[in-house]
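Below is one structure, written out as structure tokens; comments come after it.
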Amino acid sequence: MDDYSAWIGRTETREDVATAAPIAGLAALLDHDRSRPAAVPPLGHWLYFPPDARQSAIGDDGHPRRDDSGLLPPVPLPRRMWAGGRVEFLSPIAVGAALARVTTIEAIRPKRGASGDLLFVTLRHDIAADGVAAIREEQDLVYRAPAVAAASPPSAPTVAPDPEPVDAIRSVSPGPVLLFRYSALTFNAHRIHYDRDYARDEEGYAGLVVQGPLIATLLMDHFLRAAPDAVPRRFSFRAEAPLIDGAPFDLCLAWQEGGARLLARDATGRTTMRAEVAA
């Protein structure tokens, strides 16, 4: 695998405004009553700084084509996912605030996995609202080798282990409309979230893939429904397996000292994402 050490430390600065319309769209997506919040809700900052590559610069997968002109290195591994991250909420972001985000490539780590070569890229985002530090975030991207067709018929599904005990469960049915609406809110054109043939035939998934940040947002919303007066200070999440549309999955919460542990479980009971929130 190529040496990408020269890319570590590269930065990019972008500006935006914390307008109300994306927050209203997110509230509708999460099935909340229409409201006019004074501040951006936890993880709502993901709705800002959307990708803005020209249409002529978009590749077959829906992401910008990889070359030396952008912040990220031109990794040849074709499949890219948002694998996890860690967020610190430093101060509230008022609706209408001027936003500035400085993104830095913190680390690039190659790894060999069971499915082939992997490359992990960690980005640091520092977001200020009206000049005041508001968000400090680390975002983990993973690049993966092409999907390999199975050489033999799939084996019988494995039995999920006994689930960890939880205090609150809420079920979500991830259909294509839910995925489309979140992709529209974030201007995410990755085809695995809306093009079933591409997701199956080119990237090897069984169907449309539920966006990682959407699952994380649903987990945060699950926590806030259970603790409406809580003010999250930190949030972390890690994707362990993809969630595919067409079957309901569970949002699970277990209280712990200083906050909660959160899980997303698919229809078999397998944990597909783990998260923690401190408040």
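Chain lettering (A, B, ...) mirrors the order of the structure tokens, residue numbering begins at 1 for each chain separately, and ligand numbering begins at 1 in order of display.
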Neighbouring residues of Tyr4 (chain A) were defined as those with any atom within 9 Å, considering only C-alpha atoms; residues of the same chain fewer than 6 positions away were excluded. Please report them as a short mmCIF file (atom, residue, chain, number, x, y, z; two decimals) with N, CA and C atoms, in the first residue's frame.
```cif
data_model
loop_
_atom_site.label_atom_id
_atom_site.label_comp_id
_atom_site.auth_asym_id
_atom_site.auth_seq_id
_atom_site.Cartn_x
_atom_site.Cartn_y
_atom_site.Cartn_z
N PRO A 73 -6.29 11.86 0.64
CA PRO A 73 -5.37 11.27 -0.34
C PRO A 73 -6.12 10.41 -1.36
N VAL A 75 -6.74 7.43 -2.36
CA VAL A 75 -6.62 6.03 -1.96
C VAL A 75 -7.24 5.13 -3.05
N ILE A 108 -3.13 8.38 9.37
CA ILE A 108 -3.45 7.46 8.28
C ILE A 108 -2.77 6.13 8.62
N ARG A 109 -3.59 5.08 8.78
CA ARG A 109 -3.06 3.80 9.25
C ARG A 109 -3.50 2.66 8.33
#
```
Within 12 Å of Ala83 (chain A), counting only C-alpha atoms, which residues show up once you throw out same-chain ones fewer than 5 positions away? Write them as a list in words, please.
Leu118, Leu119, Phe120, Val121, Thr122, Leu123, Glu138, Gln139, Asp140, Leu141, Val142, Tyr143, Arg144, Gln211, Gly212, Pro213, Ile215, Ala216, Ser236, Phe237, Arg238, Ala239, Glu240, Ala241, Pro242, Thr272, Met273, Arg274 and Ala275 of chain A
File of the preceding selection, N, CA and C atoms, as an mmCIF file, in the first residue's frame:
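In the end it all went to selection_16.cif:
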```
data_model
loop_
_atom_site.group_PDB
_atom_site.id
_atom_site.type_symbol
_atom_site.label_atom_id
_atom_site.label_comp_id
_atom_site.auth_asym_id
_atom_site.auth_seq_id
_atom_site.Cartn_x
_atom_site.Cartn_y
_atom_site.Cartn_z
ATOM 1 N N LEU A 118 -7.013 -2.630 4.339
ATOM 2 C CA LEU A 118 -7.822 -1.544 4.884
ATOM 3 C C LEU A 118 -6.920 -0.335 5.073
ATOM 4 N N LEU A 119 -7.509 0.848 4.965
ATOM 5 C CA LEU A 119 -6.778 2.065 5.289
ATOM 6 C C LEU A 119 -7.689 2.938 6.131
ATOM 7 N N PHE A 120 -7.231 3.283 7.349
ATOM 8 C CA PHE A 120 -8.001 4.122 8.260
ATOM 9 C C PHE A 120 -7.454 5.545 8.220
ATOM 10 N N VAL A 121 -8.325 6.494 8.005
ATOM 11 C CA VAL A 121 -7.962 7.911 7.990
ATOM 12 C C VAL A 121 -8.746 8.606 9.098
ATOM 13 N N THR A 122 -8.037 9.270 10.009
ATOM 14 C CA THR A 122 -8.683 10.018 11.094
ATOM 15 C C THR A 122 -8.588 11.500 10.802
ATOM 16 N N LEU A 123 -9.763 12.146 10.762
ATOM 17 C CA LEU A 123 -9.846 13.586 10.563
ATOM 18 C C LEU A 123 -10.211 14.252 11.879
ATOM 19 N N GLU A 138 -13.272 13.982 16.243
ATOM 20 C CA GLU A 138 -12.420 13.085 15.455
ATOM 21 C C GLU A 138 -13.324 12.147 14.672
ATOM 22 N N GLN A 139 -13.069 12.031 13.387
ATOM 23 C CA GLN A 139 -13.887 11.225 12.489
ATOM 24 C C GLN A 139 -13.004 10.150 11.860
ATOM 25 N N ASP A 140 -13.432 8.898 11.941
ATOM 26 C CA ASP A 140 -12.670 7.782 11.399
ATOM 27 C C ASP A 140 -13.303 7.316 10.095
ATOM 28 N N LEU A 141 -12.534 7.408 9.010
ATOM 29 C CA LEU A 141 -12.944 6.866 7.718
ATOM 30 C C LEU A 141 -12.171 5.575 7.473
ATOM 31 N N VAL A 142 -12.792 4.608 6.815
ATOM 32 C CA VAL A 142 -12.096 3.385 6.451
ATOM 33 C C VAL A 142 -12.298 3.137 4.967
ATOM 34 N N TYR A 143 -11.194 2.836 4.298
ATOM 35 C CA TYR A 143 -11.211 2.438 2.894
ATOM 36 C C TYR A 143 -10.965 0.937 2.832
ATOM 37 N N ARG A 144 -11.737 0.257 1.996
ATOM 38 C CA ARG A 144 -11.684 -1.211 1.960
ATOM 39 C C ARG A 144 -11.474 -1.709 0.539
ATOM 40 N N GLN A 211 -26.968 4.785 6.606
ATOM 41 C CA GLN A 211 -25.820 5.659 6.848
ATOM 42 C C GLN A 211 -25.369 5.578 8.305
ATOM 43 N N GLY A 212 -24.049 5.470 8.496
ATOM 44 C CA GLY A 212 -23.510 5.431 9.847
ATOM 45 C C GLY A 212 -23.900 6.637 10.681
ATOM 46 N N PRO A 213 -23.737 7.870 10.156
ATOM 47 C CA PRO A 213 -24.135 9.027 10.971
ATOM 48 C C PRO A 213 -25.630 9.085 11.243
ATOM 49 N N ILE A 215 -27.477 6.362 11.903
ATOM 50 C CA ILE A 215 -27.640 5.461 13.045
ATOM 51 C C ILE A 215 -27.175 6.149 14.324
ATOM 52 N N ALA A 216 -26.016 6.830 14.252
ATOM 53 C CA ALA A 216 -25.510 7.539 15.429
ATOM 54 C C ALA A 216 -26.485 8.621 15.874
ATOM 55 N N SER A 236 -19.345 9.218 21.548
ATOM 56 C CA SER A 236 -18.454 8.412 20.707
ATOM 57 C C SER A 236 -19.255 7.259 20.121
ATOM 58 N N PHE A 237 -18.853 6.810 18.932
ATOM 59 C CA PHE A 237 -19.547 5.675 18.319
ATOM 60 C C PHE A 237 -18.586 4.901 17.427
ATOM 61 N N ARG A 238 -18.899 3.634 17.256
ATOM 62 C CA ARG A 238 -18.085 2.754 16.410
ATOM 63 C C ARG A 238 -19.000 1.784 15.689
ATOM 64 N N ALA A 239 -18.942 1.775 14.366
ATOM 65 C CA ALA A 239 -19.720 0.831 13.574
ATOM 66 C C ALA A 239 -19.020 -0.518 13.561
ATOM 67 N N GLU A 240 -19.786 -1.582 13.772
ATOM 68 C CA GLU A 240 -19.216 -2.928 13.785
ATOM 69 C C GLU A 240 -19.679 -3.778 12.605
ATOM 70 N N ALA A 241 -20.812 -3.441 12.027
ATOM 71 C CA ALA A 241 -21.342 -4.177 10.874
ATOM 72 C C ALA A 241 -22.366 -3.289 10.191
ATOM 73 N N PRO A 242 -22.565 -3.453 8.884
ATOM 74 C CA PRO A 242 -23.553 -2.611 8.208
ATOM 75 C C PRO A 242 -24.976 -3.008 8.564
ATOM 76 N N THR A 272 -24.607 -3.834 15.761
ATOM 77 C CA THR A 272 -23.980 -3.291 14.556
ATOM 78 C C THR A 272 -23.299 -1.957 14.817
ATOM 79 N N MET A 273 -23.666 -1.276 15.905
ATOM 80 C CA MET A 273 -22.980 -0.043 16.292
ATOM 81 C C MET A 273 -23.029 0.073 17.806
ATOM 82 N N ARG A 274 -21.936 0.562 18.378
ATOM 83 C CA ARG A 274 -21.848 0.856 19.808
ATOM 84 C C ARG A 274 -21.558 2.327 19.980
ATOM 85 N N ALA A 275 -22.158 2.930 20.989
ATOM 86 C CA ALA A 275 -21.930 4.347 21.259
ATOM 87 C C ALA A 275 -22.011 4.596 22.749
#
```
Neighbours of Asp16 (chain A) within 9 Å (only C-alpha atoms; same-chain residues fewer than 2 positions away dropped), as JSON, numbers by chain?
{"A": [14, 18, 19, 48, 49, 97, 98, 99, 100, 101]}
I need the residues in region 12-255 of chain A that are alpha helix (DSSP H) according to DSSP; give them as a PDB file with N, CA and C atoms, in the first residue's frame.
```
ATOM      1  N   ALA A  20     -31.814  27.452  10.012  1.00  0.00           N
ATOM      2  CA  ALA A  20     -32.853  26.679  10.696  1.00  0.00           C
ATOM      3  C   ALA A  20     -33.414  25.552   9.849  1.00  0.00           C
ATOM      4  N   ALA A  21     -33.384  25.692   8.520  1.00  0.00           N
ATOM      5  CA  ALA A  21     -34.061  24.710   7.666  1.00  0.00           C
ATOM      6  C   ALA A  21     -33.527  23.287   7.836  1.00  0.00           C
ATOM      7  N   PRO A  22     -32.215  23.049   7.863  1.00  0.00           N
ATOM      8  CA  PRO A  22     -31.748  21.674   8.066  1.00  0.00           C
ATOM      9  C   PRO A  22     -32.199  21.080   9.403  1.00  0.00           C
ATOM     10  N   ILE A  23     -32.253  21.909  10.449  1.00  0.00           N
ATOM     11  CA  ILE A  23     -32.685  21.422  11.759  1.00  0.00           C
ATOM     12  C   ILE A  23     -34.154  21.035  11.725  1.00  0.00           C
ATOM     13  N   ALA A  24     -34.965  21.814  11.018  1.00  0.00           N
ATOM     14  CA  ALA A  24     -36.376  21.452  10.863  1.00  0.00           C
ATOM     15  C   ALA A  24     -36.509  20.148  10.088  1.00  0.00           C
ATOM     16  N   GLY A  25     -35.679  19.973   9.063  1.00  0.00           N
ATOM     17  CA  GLY A  25     -35.700  18.722   8.306  1.00  0.00           C
ATOM     18  C   GLY A  25     -35.301  17.531   9.152  1.00  0.00           C
ATOM     19  N   LEU A  26     -34.286  17.710  10.001  1.00  0.00           N
ATOM     20  CA  LEU A  26     -33.872  16.625  10.884  1.00  0.00           C
ATOM     21  C   LEU A  26     -34.971  16.272  11.873  1.00  0.00           C
ATOM     22  N   ALA A  27     -35.648  17.282  12.429  1.00  0.00           N
ATOM     23  CA  ALA A  27     -36.751  17.026  13.365  1.00  0.00           C
ATOM     24  C   ALA A  27     -37.841  16.213  12.686  1.00  0.00           C
ATOM     25  N   ALA A  28     -38.160  16.548  11.430  1.00  0.00           N
ATOM     26  CA  ALA A  28     -39.165  15.789  10.695  1.00  0.00           C
ATOM     27  C   ALA A  28     -38.705  14.350  10.475  1.00  0.00           C
ATOM     28  N   LEU A  29     -37.430  14.178  10.129  1.00  0.00           N
ATOM     29  CA  LEU A  29     -36.882  12.842   9.909  1.00  0.00           C
ATOM     30  C   LEU A  29     -36.963  11.991  11.169  1.00  0.00           C
ATOM     31  N   PRO A 176     -36.148   2.817   2.162  1.00  0.00           N
ATOM     32  CA  PRO A 176     -35.416   3.701   1.239  1.00  0.00           C
ATOM     33  C   PRO A 176     -35.787   5.167   1.386  1.00  0.00           C
ATOM     34  N   VAL A 177     -37.015   5.472   1.829  1.00  0.00           N
ATOM     35  CA  VAL A 177     -37.397   6.878   1.994  1.00  0.00           C
ATOM     36  C   VAL A 177     -36.614   7.512   3.141  1.00  0.00           C
ATOM     37  N   LEU A 178     -36.497   6.796   4.262  1.00  0.00           N
ATOM     38  CA  LEU A 178     -35.708   7.308   5.390  1.00  0.00           C
ATOM     39  C   LEU A 178     -34.271   7.581   4.950  1.00  0.00           C
ATOM     40  N   LEU A 179     -33.667   6.625   4.249  1.00  0.00           N
ATOM     41  CA  LEU A 179     -32.276   6.787   3.807  1.00  0.00           C
ATOM     42  C   LEU A 179     -32.146   7.944   2.830  1.00  0.00           C
ATOM     43  N   PHE A 180     -33.109   8.062   1.919  1.00  0.00           N
ATOM     44  CA  PHE A 180     -33.050   9.152   0.939  1.00  0.00           C
ATOM     45  C   PHE A 180     -33.150  10.506   1.619  1.00  0.00           C
ATOM     46  N   ARG A 181     -34.063  10.630   2.579  1.00  0.00           N
ATOM     47  CA  ARG A 181     -34.242  11.923   3.238  1.00  0.00           C
ATOM     48  C   ARG A 181     -32.980  12.330   4.001  1.00  0.00           C
ATOM     49  N   TYR A 182     -32.307  11.363   4.657  1.00  0.00           N
ATOM     50  CA  TYR A 182     -31.086  11.734   5.371  1.00  0.00           C
ATOM     51  C   TYR A 182     -29.973  12.088   4.387  1.00  0.00           C
ATOM     52  N   SER A 183     -29.860  11.341   3.282  1.00  0.00           N
ATOM     53  CA  SER A 183     -28.856  11.689   2.274  1.00  0.00           C
ATOM     54  C   SER A 183     -29.122  13.078   1.714  1.00  0.00           C
ATOM     55  N   ALA A 184     -30.413  13.428   1.535  1.00  0.00           N
ATOM     56  CA  ALA A 184     -30.742  14.756   1.035  1.00  0.00           C
ATOM     57  C   ALA A 184     -30.363  15.836   2.045  1.00  0.00           C
ATOM     58  N   LEU A 185     -30.590  15.583   3.340  1.00  0.00           N
ATOM     59  CA  LEU A 185     -30.240  16.556   4.372  1.00  0.00           C
ATOM     60  C   LEU A 185     -28.741  16.822   4.413  1.00  0.00           C
ATOM     61  N   THR A 186     -27.939  15.792   4.169  1.00  0.00           N
ATOM     62  CA  THR A 186     -26.483  15.911   4.281  1.00  0.00           C
ATOM     63  C   THR A 186     -25.794  16.025   2.928  1.00  0.00           C
ATOM     64  N   ARG A 196     -29.890   0.504  -5.212  1.00  0.00           N
ATOM     65  CA  ARG A 196     -29.833  -0.878  -4.742  1.00  0.00           C
ATOM     66  C   ARG A 196     -28.955  -1.757  -5.630  1.00  0.00           C
ATOM     67  N   ASP A 197     -29.067  -1.602  -6.941  1.00  0.00           N
ATOM     68  CA  ASP A 197     -28.260  -2.421  -7.854  1.00  0.00           C
ATOM     69  C   ASP A 197     -26.773  -2.152  -7.643  1.00  0.00           C
ATOM     70  N   TYR A 198     -26.406  -0.884  -7.494  1.00  0.00           N
ATOM     71  CA  TYR A 198     -25.002  -0.550  -7.269  1.00  0.00           C
ATOM     72  C   TYR A 198     -24.526  -1.112  -5.937  1.00  0.00           C
ATOM     73  N   ALA A 199     -25.318  -0.923  -4.876  1.00  0.00           N
ATOM     74  CA  ALA A 199     -24.916  -1.408  -3.555  1.00  0.00           C
ATOM     75  C   ALA A 199     -24.677  -2.910  -3.575  1.00  0.00           C
ATOM     76  N   ARG A 200     -25.542  -3.642  -4.286  1.00  0.00           N
ATOM     77  CA  ARG A 200     -25.431  -5.098  -4.325  1.00  0.00           C
ATOM     78  C   ARG A 200     -24.323  -5.560  -5.280  1.00  0.00           C
ATOM     79  N   ASP A 201     -24.338  -5.044  -6.510  1.00  0.00           N
ATOM     80  CA  ASP A 201     -23.475  -5.591  -7.556  1.00  0.00           C
ATOM     81  C   ASP A 201     -22.055  -5.045  -7.524  1.00  0.00           C
ATOM     82  N   GLY A 212     -24.049   5.470   8.496  1.00  0.00           N
ATOM     83  CA  GLY A 212     -23.510   5.431   9.847  1.00  0.00           C
ATOM     84  C   GLY A 212     -23.900   6.637  10.681  1.00  0.00           C
ATOM     85  N   PRO A 213     -23.737   7.870  10.156  1.00  0.00           N
ATOM     86  CA  PRO A 213     -24.135   9.027  10.971  1.00  0.00           C
ATOM     87  C   PRO A 213     -25.630   9.085  11.243  1.00  0.00           C
ATOM     88  N   LEU A 214     -26.454   8.504  10.375  1.00  0.00           N
ATOM     89  CA  LEU A 214     -27.891   8.433  10.668  1.00  0.00           C
ATOM     90  C   LEU A 214     -28.137   7.520  11.861  1.00  0.00           C
ATOM     91  N   ILE A 215     -27.477   6.362  11.903  1.00  0.00           N
ATOM     92  CA  ILE A 215     -27.640   5.461  13.045  1.00  0.00           C
ATOM     93  C   ILE A 215     -27.175   6.149  14.324  1.00  0.00           C
ATOM     94  N   ALA A 216     -26.016   6.830  14.252  1.00  0.00           N
ATOM     95  CA  ALA A 216     -25.510   7.539  15.429  1.00  0.00           C
ATOM     96  C   ALA A 216     -26.485   8.621  15.874  1.00  0.00           C
ATOM     97  N   THR A 217     -27.077   9.340  14.919  1.00  0.00           N
ATOM     98  CA  THR A 217     -28.053  10.376  15.246  1.00  0.00           C
ATOM     99  C   THR A 217     -29.297   9.770  15.889  1.00  0.00           C
ATOM    100  N   LEU A 218     -29.739   8.630  15.382  1.00  0.00           N
ATOM    101  CA  LEU A 218     -30.888   7.950  15.980  1.00  0.00           C
ATOM    102  C   LEU A 218     -30.572   7.485  17.402  1.00  0.00           C
ATOM    103  N   LEU A 219     -29.348   7.034  17.632  1.00  0.00           N
ATOM    104  CA  LEU A 219     -28.961   6.639  18.986  1.00  0.00           C
ATOM    105  C   LEU A 219     -28.944   7.847  19.934  1.00  0.00           C
ATOM    106  N   MET A 220     -28.396   8.962  19.473  1.00  0.00           N
ATOM    107  CA  MET A 220     -28.416  10.178  20.293  1.00  0.00           C
ATOM    108  C   MET A 220     -29.853  10.605  20.559  1.00  0.00           C
ATOM    109  N   ASP A 221     -30.717  10.531  19.556  1.00  0.00           N
ATOM    110  CA  ASP A 221     -32.120  10.894  19.739  1.00  0.00           C
ATOM    111  C   ASP A 221     -32.801   9.958  20.742  1.00  0.00           C
ATOM    112  N   HIS A 222     -32.424   8.679  20.701  1.00  0.00           N
ATOM    113  CA  HIS A 222     -32.971   7.720  21.665  1.00  0.00           C
ATOM    114  C   HIS A 222     -32.591   8.125  23.086  1.00  0.00           C
ATOM    115  N   PHE A 223     -31.340   8.547  23.264  1.00  0.00           N
ATOM    116  CA  PHE A 223     -30.897   9.010  24.587  1.00  0.00           C
ATOM    117  C   PHE A 223     -31.669  10.255  25.013  1.00  0.00           C
ATOM    118  N   LEU A 224     -31.840  11.223  24.116  1.00  0.00           N
ATOM    119  CA  LEU A 224     -32.493  12.479  24.472  1.00  0.00           C
ATOM    120  C   LEU A 224     -33.979  12.281  24.734  1.00  0.00           C
ATOM    121  N   ARG A 225     -34.603  11.299  24.083  1.00  0.00           N
ATOM    122  CA  ARG A 225     -36.001  10.996  24.402  1.00  0.00           C
ATOM    123  C   ARG A 225     -36.114  10.454  25.829  1.00  0.00           C
ATOM    124  N   ALA A 226     -35.105   9.677  26.247  1.00  0.00           N
ATOM    125  CA  ALA A 226     -35.124   9.097  27.593  1.00  0.00           C
ATOM    126  C   ALA A 226     -34.689  10.092  28.658  1.00  0.00           C
TER     127      ALA A 226
END
```
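With distances restricted to only C-alpha atoms, A:Arg79 is the closest residue to Ala145 (chain A) from A:Arg124, A:Arg79, A:Arg261, A:His45.
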Tell me which protein, DNA and RNA residues are within 12 Å of Ala94 (chain A), counting only C-alpha atoms, leaving out same-chain ones fewer than 6 positions away, and put them as an NGL selection string.
:A and (17-20 or 23 or 36-42 or 44-45 or 128-132 or 134)
Find, counting only C-alpha atoms, the residue in A:Val277, A:Ala147, A:Ile244, A:Ala206 that gets nearest to Ala114 (chain A).
A:Ala147
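Shortest atom-to-atom contact with Asp61 (chain A) among A:Ala279, A:Ile127, A:Leu77, A:Ala189: A:Ala189, counting only C-alpha atoms.
Here CA of Leu43 (chain A) is placed at a distance of 8.4 Å from CA of Val87 (chain A).
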What's the separation between CA of Gly259 (chain A) and CA of Ala278 (chain A), in Å to one decimal place?
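Between these atoms lies a distance of 4.4 Å.
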Counting only C-alpha atoms, figure out which residue out of A:Pro232, A:Thr268, A:Phe187, A:His193 gets nearest to Leu47 (chain A).
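Counting only C-alpha atoms, the residue closest to Leu47 (chain A) is A:Phe187.
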Would you mind listing what lies within 8 Å of Asp167 (chain A) as a list of chain:residue names, with only C-alpha atoms counted and same-chain residues fewer than 4 positions away left out?
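What passes the distance filter is A:Cys252, A:Leu253, A:Ala254, A:Trp255.
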For the selection just defined, write its residues with N, CA, C and O atoms to a file, as a tab-separated table (two decimals), in the first residue's frame.
```tsv
chain	number	residue	atom	x	y	z
A	252	CYS	N	-30.94	0.69	21.45
A	252	CYS	CA	-30.91	0.19	22.83
A	252	CYS	C	-30.11	1.15	23.71
A	252	CYS	O	-29.06	1.66	23.29
A	253	LEU	N	-30.59	1.35	24.93
A	253	LEU	CA	-29.94	2.25	25.89
A	253	LEU	C	-29.79	1.55	27.22
A	253	LEU	O	-30.72	0.90	27.71
A	254	ALA	N	-28.60	1.66	27.79
A	254	ALA	CA	-28.33	1.17	29.14
A	254	ALA	C	-27.69	2.30	29.94
A	254	ALA	O	-26.66	2.84	29.52
A	255	TRP	N	-28.32	2.68	31.05
A	255	TRP	CA	-27.77	3.75	31.86
A	255	TRP	C	-26.46	3.33	32.50
A	255	TRP	O	-26.28	2.17	32.88
```
Assign secondary structure with DSSP using the backbone only, and return the residues of region 129-209 of chain A in strand (DSSP E) as a list in words.
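Selection result, strand (DSSP E) within region 129-209 of chain A: Ala129, Val132, Ala133, Ala134, Ile135, Arg136, Glu137, Glu138, Gln139, Asp140, Leu141, Val142, Tyr143, Arg144, Ala168, Ile169, Arg170, Ser171 and Val172 of chain A.
The two atoms in question, CA of Pro78 (chain A) and CA of Leu243 (chain A), are spaced 19.6 Å apart.
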